[in-house]
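Shown below: start33.cif, with mmCIF, C-alpha atoms.
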```cif
data_entry
loop_
_atom_site.label_atom_id
_atom_site.label_comp_id
_atom_site.auth_asym_id
_atom_site.auth_seq_id
_atom_site.Cartn_x
_atom_site.Cartn_y
_atom_site.Cartn_z
CA MET W 285 143.36 48.54 -74.96
CA SER W 286 142.41 51.75 -73.19
CA ASP W 287 144.80 53.90 -71.18
CA LEU W 288 141.90 55.55 -69.34
CA ARG W 289 142.18 55.50 -65.57
CA LEU W 290 138.62 54.69 -64.50
CA ARG W 291 137.64 54.54 -60.84
CA ARG W 292 135.20 51.83 -59.78
CA ALA W 293 132.15 53.11 -57.91
CA ALA W 294 129.03 51.68 -56.30
CA ARG W 295 125.74 53.56 -56.02
CA ALA W 296 122.48 52.77 -54.28
CA LEU W 297 118.93 53.32 -55.45
CA VAL W 298 117.59 53.79 -51.92
CA LEU W 299 113.80 53.49 -52.08
CA ASP W 300 111.42 53.70 -49.14
CA GLU W 301 108.00 52.07 -48.68
CA ARG W 302 106.36 54.97 -50.57
CA ASP W 303 108.76 54.49 -53.52
CA ARG W 304 110.56 57.74 -52.76
CA ILE W 305 114.22 57.80 -53.76
CA LEU W 306 117.00 59.24 -51.63
CA LEU W 307 119.28 61.58 -53.58
CA VAL W 308 122.26 63.75 -52.75
CA ARG W 309 123.17 67.04 -54.42
CA PHE W 310 126.69 67.89 -55.49
CA GLY W 311 127.50 71.49 -56.32
CA GLU W 312 125.40 74.64 -56.15
CA GLY W 313 123.34 76.76 -58.52
CA GLU W 314 123.44 75.98 -62.23
CA HIS W 315 126.26 73.45 -61.71
CA ALA W 316 124.35 71.37 -59.15
CA VAL W 317 123.46 67.77 -59.93
CA TRP W 318 121.27 65.36 -57.95
CA LEU W 319 122.41 61.74 -57.88
CA THR W 320 122.06 58.56 -55.91
CA THR W 321 124.08 57.92 -52.78
CA GLY W 322 127.36 56.09 -53.16
CA GLY W 323 130.82 56.70 -54.47
CA GLY W 324 134.26 55.38 -55.21
CA ILE W 325 135.36 51.93 -54.15
CA GLU W 326 138.57 51.99 -52.13
CA THR W 327 141.38 49.48 -52.66
CA GLY W 328 140.35 46.09 -51.29
CA GLU W 329 136.71 47.08 -50.80
CA SER W 330 133.78 45.15 -52.23
CA ASP W 331 130.82 46.96 -53.77
CA GLU W 332 128.76 46.16 -50.67
CA ARG W 333 131.41 47.41 -48.24
CA ALA W 334 131.80 50.65 -50.21
CA LEU W 335 128.03 51.18 -50.23
CA ARG W 336 127.76 50.55 -46.50
CA ARG W 337 130.47 53.15 -45.89
CA GLU W 338 129.01 55.70 -48.31
CA LEU W 339 125.40 55.34 -47.13
CA LEU W 340 126.50 55.82 -43.54
CA GLU W 341 128.63 58.87 -44.39
CA GLU W 342 126.11 60.56 -46.73
CA ALA W 343 122.76 59.61 -45.17
CA GLY W 344 123.32 57.95 -41.81
CA LEU W 345 121.84 54.70 -43.13
CA GLU W 346 123.36 51.81 -41.22
CA GLU W 347 120.96 48.87 -41.38
CA PHE W 348 119.86 47.73 -44.81
CA GLU W 349 119.79 44.71 -47.06
CA LEU W 350 121.65 45.14 -50.33
CA GLY W 351 119.44 44.24 -53.25
CA PRO W 352 120.43 43.22 -56.76
CA PRO W 353 122.59 45.27 -59.11
CA VAL W 354 120.30 46.88 -61.69
CA TRP W 355 122.18 49.53 -63.68
CA THR W 356 125.67 50.43 -64.86
CA ARG W 357 127.05 53.73 -66.10
CA THR W 358 130.46 54.97 -67.24
CA VAL W 359 131.31 58.65 -66.99
CA HIS W 360 134.37 60.17 -68.66
CA ALA W 361 135.38 63.28 -66.69
CA PRO W 362 138.44 64.10 -64.56
CA LEU W 363 138.01 63.03 -60.92
CA ASP W 364 139.95 63.26 -57.71
CA GLY W 365 142.24 66.07 -58.83
CA GLY W 366 143.01 64.34 -62.14
CA ARG W 367 143.90 60.94 -60.64
CA PHE W 368 141.11 59.37 -62.67
CA ASP W 369 139.76 59.98 -66.16
CA GLY W 370 136.29 58.85 -65.20
CA GLN W 371 134.23 56.38 -63.27
CA CYS W 372 132.51 53.02 -63.87
CA GLU W 373 129.43 52.81 -61.66
CA ARG W 374 127.26 49.88 -60.62
CA TYR W 375 123.83 50.69 -59.13
CA TYR W 376 122.18 48.46 -56.51
CA LEU W 377 118.58 48.43 -55.35
CA VAL W 378 118.19 49.10 -51.61
CA ARG W 379 114.71 48.98 -50.05
CA VAL W 380 114.36 50.61 -46.62
CA ARG W 381 111.78 52.03 -44.24
CA SER W 382 111.57 55.79 -44.46
CA PHE W 383 114.05 57.61 -42.23
CA GLU W 384 115.32 61.13 -41.71
CA PRO W 385 118.72 61.41 -43.43
CA ALA W 386 121.40 62.26 -40.87
CA PRO W 387 124.86 62.00 -42.47
CA ARG W 388 127.60 60.69 -40.19
CA LEU W 389 130.14 63.01 -41.78
CA SER W 390 129.83 66.66 -40.77
CA TRP W 391 128.42 69.08 -43.32
CA ALA W 392 131.86 70.70 -43.47
CA GLU W 393 133.37 67.33 -44.45
CA LEU W 394 130.59 66.64 -46.96
CA ARG W 395 131.00 70.09 -48.54
CA GLU W 396 134.74 69.43 -48.94
CA GLU W 397 133.69 66.47 -51.12
CA GLY W 398 131.19 68.68 -52.98
CA MET W 399 127.98 67.36 -51.38
CA THR W 400 125.53 70.14 -50.48
CA ALA W 401 122.17 68.43 -49.73
CA VAL W 402 120.37 65.13 -49.18
CA ARG W 403 116.63 64.52 -49.45
CA TRP W 404 113.85 62.14 -50.48
CA TRP W 405 112.14 62.65 -53.87
CA THR W 406 108.84 61.28 -55.15
CA LEU W 407 108.67 60.15 -58.76
CA GLU W 408 106.33 63.07 -59.50
CA GLU W 409 108.86 65.52 -58.06
CA LEU W 410 111.61 63.99 -60.21
CA GLU W 411 109.48 64.24 -63.34
CA THR W 412 108.58 67.91 -62.78
CA ALA W 413 111.85 69.23 -61.33
CA ASP W 414 113.94 71.74 -63.25
CA VAL W 415 117.28 70.36 -62.05
CA ARG W 416 120.00 68.10 -63.40
CA PHE W 417 120.09 64.44 -62.47
CA ALA W 418 122.72 61.77 -62.92
CA PRO W 419 121.96 59.68 -64.77
CA ARG W 420 120.17 62.30 -66.85
CA ARG W 421 117.21 60.01 -67.50
CA LEU W 422 116.75 59.20 -63.79
CA PRO W 423 113.00 59.96 -63.67
CA LEU W 424 112.25 57.68 -66.64
CA LEU W 425 114.63 54.98 -65.43
CA LEU W 426 113.06 54.99 -61.97
CA ARG W 427 109.55 54.86 -63.42
CA GLU W 428 110.52 51.76 -65.44
CA LEU W 429 112.20 50.13 -62.44
CA LEU W 430 109.12 50.69 -60.26
CA ARG W 431 106.79 49.44 -63.00
CA HIS W 432 108.72 46.34 -64.09
CA GLY W 433 111.09 45.58 -61.19
CA PRO W 434 114.81 44.88 -61.55
CA PRO W 435 115.92 44.01 -65.10
CA ALA W 436 117.03 40.46 -65.92
CA GLU W 437 120.43 41.85 -67.00
CA LEU W 438 122.30 44.97 -65.92
CA LEU W 439 121.03 47.98 -67.85
CA ASP W 440 123.58 50.52 -69.12
CA VAL W 441 121.81 53.81 -68.32
CA GLY W 442 124.20 56.10 -70.22
CA LEU W 443 125.01 59.59 -69.02
#
```

Could you quickly redo this structure as structure tokens?
Amino acid sequence: MSDLRLRRAARALVLDERDRILLVRFGEGEHAVWLTTGGGIETGESDERALRRELLEEAGLEEFELGPPVWTRTVHAPLDGGRFDGQCERYYLVRVRSFEPAPRLSWAELREEGMTAVRWWTLEELETADVRFAPRRLPLLLRELLRHGPPAELLDVGL
């Protein structure tokens, strides 16, 4: 039995009609990482409720239909000032019409949480970018998802 304190999190693979993916950046410079929208699940929250809150806060996305869960990932790194030893994430597919991201939280509030940007990416941009993604294999994973659709079973995407 593990003594690790792992936070539960829900993330969304927000894809528009042109198969662009919406990503947020945490950090700046060489420490920056681009990842999908989403975050920690609060006590008593369902995955869907957490995603609805996070997508509104980070991107201003209010109306959407939650698709199937497609990926999982566990990260072992201190979070929330050491309250957690890592995070167990579940990724859901969310198809939307293209929109201009307009986070409901102020940029000052988002920066306090470490978020520094939000934007749409094409698969080609992902595959040619010289930046860090989480999960690290995001371009390949997205290509496979677009080619084959959601997997029959949740796929553990690793770091």

Could you state which residues are captured by the PyMOL selection byres ((chain W and resi 371) around 6) in this file, as a ChimeraX atom specification?
/W:290-292,358-359,370,372

Convert the output of the PyMOL selection byres ((chain W and resi 415-417) around 8) on the shown file into explicit residues, formatted as a list in words.
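For this structure, the PyMOL selection byres ((chain W and resi 415-417) around 8) captures Ala316, Val317, Trp318, Leu319, Ala413, Asp414, Ala418, Pro419, Arg420, Arg421 and Leu422 of chain W.
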
Nearest to Tyr376 of chain W, restricted to all atoms listed in the file and choosing among W:Arg336, W:His315, W:Arg289, W:Arg395, comes out as W:Arg336

For atom CA of Gly322 of chain W and atom CA of Glu409 of chain W, quote the distance in Å rounded to one decimal.
21.3 Å

Near-segment 341-353 of chain W list (6 Å; all atoms listed in the file; drop same-chain fewer than 6 positions) as a ChimeraX atom specification:
/W:375-378,385-389

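Using only C-alpha atoms, the contacts of Arg304 of chain W at a cut-off of 12 Å, with sequence neighbours closer than 6 positions omitted, comprise Leu297, Val298, Thr320, Val378, Arg379, Val380, Arg381, Ser382, Phe383, Arg403, Trp404, Trp405, Thr406, Leu407, Glu408, Glu409, Leu410, Pro423, Leu426, Arg427 and Leu430 of chain W.
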
Go through W:Arg357, W:Arg333, W:His432, W:Arg374 and flag the residue nearest Arg295 of chain W, using all atoms listed in the file for the distances.
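Checking each of W:Arg357, W:Arg333, W:His432, W:Arg374 against Arg295 of chain W, counting all atoms listed in the file, the winner is W:Arg374.
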
One-decimal distance in Å that lies between atom CA of Leu363 of chain W and atom CA of Ile305 of chain W:
25.4 Å

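A straight line drawn from atom CA of Leu335 of chain W to atom CA of Trp355 of chain W is 14.8 Å long.
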
Need a file for segment 356-402 of chain W from that block: N, CA and C atoms, written as a PDB file, in the first residue's frame.
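Written file, decode_18.pdb:
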```
ATOM      1  N   THR W 356      -5.173   8.318 -19.356  1.00  0.00           N
ATOM      2  CA  THR W 356      -4.847   8.541 -17.949  1.00  0.00           C
ATOM      3  C   THR W 356      -3.357   8.834 -17.865  1.00  0.00           C
ATOM      4  N   ARG W 357      -2.966   9.454 -16.762  1.00  0.00           N
ATOM      5  CA  ARG W 357      -1.558   9.767 -16.542  1.00  0.00           C
ATOM      6  C   ARG W 357      -1.365  10.016 -15.059  1.00  0.00           C
ATOM      7  N   THR W 358      -0.273   9.510 -14.502  1.00  0.00           N
ATOM      8  CA  THR W 358       0.081   9.776 -13.116  1.00  0.00           C
ATOM      9  C   THR W 358       1.433  10.459 -13.084  1.00  0.00           C
ATOM     10  N   VAL W 359       1.480  11.574 -12.387  1.00  0.00           N
ATOM     11  CA  VAL W 359       2.702  12.369 -12.275  1.00  0.00           C
ATOM     12  C   VAL W 359       3.113  12.388 -10.812  1.00  0.00           C
ATOM     13  N   HIS W 360       4.379  12.107 -10.542  1.00  0.00           N
ATOM     14  CA  HIS W 360       4.906  12.150  -9.181  1.00  0.00           C
ATOM     15  C   HIS W 360       5.802  13.378  -9.065  1.00  0.00           C
ATOM     16  N   ALA W 361       5.253  14.432  -8.458  1.00  0.00           N
ATOM     17  CA  ALA W 361       5.975  15.686  -8.225  1.00  0.00           C
ATOM     18  C   ALA W 361       5.192  16.457  -7.166  1.00  0.00           C
ATOM     19  N   PRO W 362       5.880  17.142  -6.273  1.00  0.00           N
ATOM     20  CA  PRO W 362       5.178  17.898  -5.227  1.00  0.00           C
ATOM     21  C   PRO W 362       4.226  18.930  -5.834  1.00  0.00           C
ATOM     22  N   LEU W 363       3.024  19.010  -5.276  1.00  0.00           N
ATOM     23  CA  LEU W 363       2.010  19.962  -5.743  1.00  0.00           C
ATOM     24  C   LEU W 363       1.393  20.688  -4.564  1.00  0.00           C
ATOM     25  N   ASP W 364       0.860  21.852  -4.864  1.00  0.00           N
ATOM     26  CA  ASP W 364       0.079  22.603  -3.887  1.00  0.00           C
ATOM     27  C   ASP W 364       0.861  22.815  -2.588  1.00  0.00           C
ATOM     28  N   GLY W 365       2.086  23.323  -2.744  1.00  0.00           N
ATOM     29  CA  GLY W 365       2.909  23.616  -1.575  1.00  0.00           C
ATOM     30  C   GLY W 365       3.289  22.397  -0.757  1.00  0.00           C
ATOM     31  N   GLY W 366       3.345  21.208  -1.402  1.00  0.00           N
ATOM     32  CA  GLY W 366       3.728  19.989  -0.720  1.00  0.00           C
ATOM     33  C   GLY W 366       2.560  19.197  -0.145  1.00  0.00           C
ATOM     34  N   ARG W 367       1.333  19.686  -0.349  1.00  0.00           N
ATOM     35  CA  ARG W 367       0.151  18.953   0.145  1.00  0.00           C
ATOM     36  C   ARG W 367      -0.014  17.611  -0.541  1.00  0.00           C
ATOM     37  N   PHE W 368       0.438  17.551  -1.806  1.00  0.00           N
ATOM     38  CA  PHE W 368       0.309  16.327  -2.593  1.00  0.00           C
ATOM     39  C   PHE W 368       1.670  15.911  -3.131  1.00  0.00           C
ATOM     40  N   ASP W 369       1.831  14.596  -3.302  1.00  0.00           N
ATOM     41  CA  ASP W 369       3.067  14.039  -3.855  1.00  0.00           C
ATOM     42  C   ASP W 369       2.980  13.841  -5.362  1.00  0.00           C
ATOM     43  N   GLY W 370       1.823  14.122  -5.922  1.00  0.00           N
ATOM     44  CA  GLY W 370       1.629  13.960  -7.347  1.00  0.00           C
ATOM     45  C   GLY W 370       0.162  14.045  -7.700  1.00  0.00           C
ATOM     46  N   GLN W 371      -0.121  13.630  -8.927  1.00  0.00           N
ATOM     47  CA  GLN W 371      -1.470  13.789  -9.443  1.00  0.00           C
ATOM     48  C   GLN W 371      -1.837  12.642 -10.375  1.00  0.00           C
ATOM     49  N   CYS W 372      -3.056  12.115 -10.231  1.00  0.00           N
ATOM     50  CA  CYS W 372      -3.621  11.119 -11.146  1.00  0.00           C
ATOM     51  C   CYS W 372      -4.619  11.842 -12.033  1.00  0.00           C
ATOM     52  N   GLU W 373      -4.353  11.849 -13.335  1.00  0.00           N
ATOM     53  CA  GLU W 373      -5.164  12.600 -14.278  1.00  0.00           C
ATOM     54  C   GLU W 373      -5.976  11.678 -15.174  1.00  0.00           C
ATOM     55  N   ARG W 374      -7.187  12.125 -15.493  1.00  0.00           N
ATOM     56  CA  ARG W 374      -8.040  11.447 -16.466  1.00  0.00           C
ATOM     57  C   ARG W 374      -8.374  12.488 -17.530  1.00  0.00           C
ATOM     58  N   TYR W 375      -8.129  12.128 -18.802  1.00  0.00           N
ATOM     59  CA  TYR W 375      -8.337  13.039 -19.934  1.00  0.00           C
ATOM     60  C   TYR W 375      -9.622  12.683 -20.671  1.00  0.00           C
ATOM     61  N   TYR W 376     -10.452  13.715 -20.942  1.00  0.00           N
ATOM     62  CA  TYR W 376     -11.715  13.546 -21.643  1.00  0.00           C
ATOM     63  C   TYR W 376     -11.677  14.275 -22.978  1.00  0.00           C
ATOM     64  N   LEU W 377     -12.314  13.702 -23.963  1.00  0.00           N
ATOM     65  CA  LEU W 377     -12.433  14.335 -25.270  1.00  0.00           C
ATOM     66  C   LEU W 377     -13.584  15.334 -25.227  1.00  0.00           C
ATOM     67  N   VAL W 378     -13.321  16.560 -25.697  1.00  0.00           N
ATOM     68  CA  VAL W 378     -14.339  17.605 -25.755  1.00  0.00           C
ATOM     69  C   VAL W 378     -14.262  18.243 -27.137  1.00  0.00           C
ATOM     70  N   ARG W 379     -15.315  18.057 -27.938  1.00  0.00           N
ATOM     71  CA  ARG W 379     -15.395  18.648 -29.279  1.00  0.00           C
ATOM     72  C   ARG W 379     -16.227  19.921 -29.208  1.00  0.00           C
ATOM     73  N   VAL W 380     -15.690  21.011 -29.755  1.00  0.00           N
ATOM     74  CA  VAL W 380     -16.373  22.303 -29.720  1.00  0.00           C
ATOM     75  C   VAL W 380     -16.203  23.027 -31.059  1.00  0.00           C
ATOM     76  N   ARG W 381     -17.024  24.047 -31.258  1.00  0.00           N
ATOM     77  CA  ARG W 381     -16.797  24.981 -32.365  1.00  0.00           C
ATOM     78  C   ARG W 381     -15.668  25.906 -31.923  1.00  0.00           C
ATOM     79  N   SER W 382     -14.879  26.338 -32.882  1.00  0.00           N
ATOM     80  CA  SER W 382     -13.781  27.248 -32.575  1.00  0.00           C
ATOM     81  C   SER W 382     -14.303  28.489 -31.853  1.00  0.00           C
ATOM     82  N   PHE W 383     -13.538  28.964 -30.899  1.00  0.00           N
ATOM     83  CA  PHE W 383     -13.886  30.177 -30.158  1.00  0.00           C
ATOM     84  C   PHE W 383     -12.593  30.861 -29.736  1.00  0.00           C
ATOM     85  N   GLU W 384     -12.705  32.127 -29.397  1.00  0.00           N
ATOM     86  CA  GLU W 384     -11.552  32.880 -28.913  1.00  0.00           C
ATOM     87  C   GLU W 384     -11.462  32.676 -27.397  1.00  0.00           C
ATOM     88  N   PRO W 385     -10.396  32.043 -26.917  1.00  0.00           N
ATOM     89  CA  PRO W 385     -10.278  31.825 -25.470  1.00  0.00           C
ATOM     90  C   PRO W 385     -10.323  33.152 -24.707  1.00  0.00           C
ATOM     91  N   ALA W 386     -11.172  33.198 -23.697  1.00  0.00           N
ATOM     92  CA  ALA W 386     -11.326  34.381 -22.854  1.00  0.00           C
ATOM     93  C   ALA W 386     -11.522  33.907 -21.411  1.00  0.00           C
ATOM     94  N   PRO W 387     -10.427  33.592 -20.721  1.00  0.00           N
ATOM     95  CA  PRO W 387     -10.538  33.063 -19.359  1.00  0.00           C
ATOM     96  C   PRO W 387     -11.414  33.928 -18.470  1.00  0.00           C
ATOM     97  N   ARG W 388     -12.208  33.277 -17.614  1.00  0.00           N
ATOM     98  CA  ARG W 388     -13.060  34.005 -16.668  1.00  0.00           C
ATOM     99  C   ARG W 388     -12.248  34.524 -15.482  1.00  0.00           C
ATOM    100  N   LEU W 389     -11.177  33.821 -15.131  1.00  0.00           N
ATOM    101  CA  LEU W 389     -10.294  34.357 -14.095  1.00  0.00           C
ATOM    102  C   LEU W 389      -9.453  35.454 -14.728  1.00  0.00           C
ATOM    103  N   SER W 390      -9.049  36.431 -13.931  1.00  0.00           N
ATOM    104  CA  SER W 390      -8.174  37.486 -14.442  1.00  0.00           C
ATOM    105  C   SER W 390      -6.787  36.896 -14.701  1.00  0.00           C
ATOM    106  N   TRP W 391      -6.009  37.583 -15.534  1.00  0.00           N
ATOM    107  CA  TRP W 391      -4.652  37.088 -15.788  1.00  0.00           C
ATOM    108  C   TRP W 391      -3.805  37.139 -14.515  1.00  0.00           C
ATOM    109  N   ALA W 392      -4.093  38.059 -13.634  1.00  0.00           N
ATOM    110  CA  ALA W 392      -3.371  38.094 -12.350  1.00  0.00           C
ATOM    111  C   ALA W 392      -3.675  36.825 -11.552  1.00  0.00           C
ATOM    112  N   GLU W 393      -4.958  36.416 -11.522  1.00  0.00           N
ATOM    113  CA  GLU W 393      -5.328  35.191 -10.809  1.00  0.00           C
ATOM    114  C   GLU W 393      -4.723  33.964 -11.473  1.00  0.00           C
ATOM    115  N   LEU W 394      -4.748  33.922 -12.799  1.00  0.00           N
ATOM    116  CA  LEU W 394      -4.182  32.782 -13.520  1.00  0.00           C
ATOM    117  C   LEU W 394      -2.678  32.690 -13.298  1.00  0.00           C
ATOM    118  N   ARG W 395      -1.990  33.828 -13.311  1.00  0.00           N
ATOM    119  CA  ARG W 395      -0.538  33.825 -13.085  1.00  0.00           C
ATOM    120  C   ARG W 395      -0.194  33.353 -11.678  1.00  0.00           C
ATOM    121  N   GLU W 396      -1.054  33.662 -10.705  1.00  0.00           N
ATOM    122  CA  GLU W 396      -0.838  33.164  -9.335  1.00  0.00           C
ATOM    123  C   GLU W 396      -0.823  31.646  -9.315  1.00  0.00           C
ATOM    124  N   GLU W 397      -1.612  31.024 -10.216  1.00  0.00           N
ATOM    125  CA  GLU W 397      -1.657  29.564 -10.322  1.00  0.00           C
ATOM    126  C   GLU W 397      -0.572  29.033 -11.258  1.00  0.00           C
ATOM    127  N   GLY W 398       0.175  29.938 -11.894  1.00  0.00           N
ATOM    128  CA  GLY W 398       1.260  29.529 -12.782  1.00  0.00           C
ATOM    129  C   GLY W 398       0.928  29.555 -14.253  1.00  0.00           C
ATOM    130  N   MET W 399      -0.330  29.824 -14.619  1.00  0.00           N
ATOM    131  CA  MET W 399      -0.731  29.827 -16.028  1.00  0.00           C
ATOM    132  C   MET W 399      -0.334  31.143 -16.677  1.00  0.00           C
ATOM    133  N   THR W 400       0.324  31.055 -17.851  1.00  0.00           N
ATOM    134  CA  THR W 400       0.836  32.259 -18.499  1.00  0.00           C
ATOM    135  C   THR W 400       0.330  32.460 -19.924  1.00  0.00           C
ATOM    136  N   ALA W 401      -0.376  31.493 -20.509  1.00  0.00           N
ATOM    137  CA  ALA W 401      -0.900  31.658 -21.871  1.00  0.00           C
ATOM    138  C   ALA W 401      -1.936  30.590 -22.167  1.00  0.00           C
ATOM    139  N   VAL W 402      -2.770  30.861 -23.168  1.00  0.00           N
ATOM    140  CA  VAL W 402      -3.739  29.894 -23.679  1.00  0.00           C
ATOM    141  C   VAL W 402      -3.847  30.135 -25.181  1.00  0.00           C
TER     142      VAL W 402
END
```
